[in-house]
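Just below is one structure, and these are the notes that go with it.
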Amino acid sequence: MVDVNDHLNTEALDELKEVMEDDFSLLIDTFVTDSETRLQTLSDLVMGTDADAIRREAHSLKGSSSNIGATKMTDLCKSLEDQGKDGVLDGVQGLKDAIAQEYQLVKGLLEQHYS
């Protein structure tokens with residue numbers, strides 16, 4: 001069984017839900033929509049050689065992951081961002097795949113615990 005706390009900062013999410021009230025579901029929906037678009041863009045970028053574009057996209061995804069309390073996803077995005085910053089393209093496909101897998105897990109946990 002997956003421990004939600006290994007993937008989401010539930011304390012922060014609970015506080016956000018309390019503060020945002022009805023707008024909280026919009027935050028979740030925006031995260032899901034934005035992440036899917038960014039993951040598709042990352043999929044396209046990791047096939048190329050533009051390390052800075054990978055860095056920028058990973059940075060944006062890291063920010064939205066952090067805002068929603070997706071701790072492990074944030075860490076993975078930071079690793080990809082750092083590789084892009086360093087111009088290292090070896091392993092970016094694997095990191096992108098790990099981010100996509102973590103996103104699917106986070107999305108399911110958000111739906112299960114916060115819908």
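By order of appearance in the structure tokens: chains A, B, ..., then residues from 1 within every chain, and ligands from 1 in the order shown.
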With only C-alpha atoms as the counted atoms, please give the residues lying no more than 10 Å from Leu13 of chain A, apart from itself and same-chain residues fewer than 5 positions off, as a VMD selection string.
chain A and resid 8 18 to 19 24 67 to 70 110 114
List every residue of segment 22-63 of chain A that has an atom at most 8 Å from any atom of segment 79-99 of chain A, and for each one report the closest atom pair and its distance in Å to one decimal, counting only C-alpha atoms, with rows sorted by chain and then by increasing residue number, as CSV.
residue,atom,partner,partner_atom,distance
A:Leu39,CA,A:Lys96,CA,7.8
A:Leu42,CA,A:Lys96,CA,7.0
A:Ser43,CA,A:Lys96,CA,7.1
A:Val46,CA,A:Gln93,CA,5.9
A:Met47,CA,A:Gln93,CA,7.8
A:Thr49,CA,A:Leu89,CA,7.3
A:Ala51,CA,A:Gly84,CA,4.5
A:Asp52,CA,A:Gly84,CA,5.5
A:Ala53,CA,A:Gly84,CA,7.7
A:Ile54,CA,A:Gly84,CA,5.7
A:Arg55,CA,A:Glu81,CA,4.3
A:Arg56,CA,A:Glu81,CA,7.1
A:Glu57,CA,A:Glu81,CA,7.9
A:Ala58,CA,A:Glu81,CA,5.1
A:His59,CA,A:Glu81,CA,5.7
Need the shell around Ser25 of chain A: protein/DNA/RNA residues with any atom at most 8 Å away, counting only C-alpha atoms. Skip same-chain ones fewer than 3 positions apart. Format as an MDAnalysis selection string?
chainID A and resid 22 28:29 114:115
Show which residues sit within 7 Å of Met73 of chain A, as a list in words. Count only C-alpha atoms, and ignore same-chain residues fewer than 6 positions away.
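Contacts, with the query itself left out: Ser65, Ile99, Glu102 and Tyr103 of chain A.
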Could you work out how far atom CA of Thr41 of chain A lies from atom CA of Asp3 of chain A, giving the answer in Å with one decimal?
29.2 Å
As a PyMOL selection string, list the residues of chain A assigned to helix (DSSP H, G or I) by DSSP on the backbone atoms of this structure.
chain A and resi 4-6+10-45+51-67+71-86+92-114
Close residues, His7 of chain A itself excluded, 7 Å, only C-alpha atoms, min 5 positions apart in chain, as an mmCIF file with N, CA and C atoms, in the first residue's frame:
data_model
loop_
_atom_site.group_PDB
_atom_site.id
_atom_site.type_symbol
_atom_site.label_atom_id
_atom_site.label_comp_id
_atom_site.auth_asym_id
_atom_site.auth_seq_id
_atom_site.Cartn_x
_atom_site.Cartn_y
_atom_site.Cartn_z
ATOM 1 N N ALA A 70 3.529 18.128 -3.663
ATOM 2 C CA ALA A 70 3.989 16.853 -4.221
ATOM 3 C C ALA A 70 5.512 16.772 -4.037
ATOM 4 N N THR A 71 5.925 16.344 -2.857
ATOM 5 C CA THR A 71 7.326 16.436 -2.438
ATOM 6 C C THR A 71 8.279 15.606 -3.293
ATOM 7 N N LYS A 72 7.954 14.365 -3.545
ATOM 8 C CA LYS A 72 8.847 13.502 -4.334
ATOM 9 C C LYS A 72 8.908 13.978 -5.779
ATOM 10 N N VAL A 106 0.679 10.774 -7.811
ATOM 11 C CA VAL A 106 0.209 11.980 -7.117
ATOM 12 C C VAL A 106 -1.221 12.316 -7.543
#
Record the distance separating atom CA of Gln101 of chain A and atom CA of Gly48 of chain A, expressed in Å with one decimal.
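Going from atom CA of Gln101 of chain A over to atom CA of Gly48 of chain A covers 20.9 Å.
By only C-alpha atoms, and with residues fewer than 4 positions from Glu36 of chain A along its chain excluded, the set lying at most 10 Å from it is Thr30, Phe31, Val32, Gln40, Thr41, Leu42, Leu61, Ala100, Tyr103 and Gln104 of chain A.
Reported to one decimal place, the separation of atom CA of Met1 of chain A from atom CA of Asp34 of chain A is 27.4 Å.
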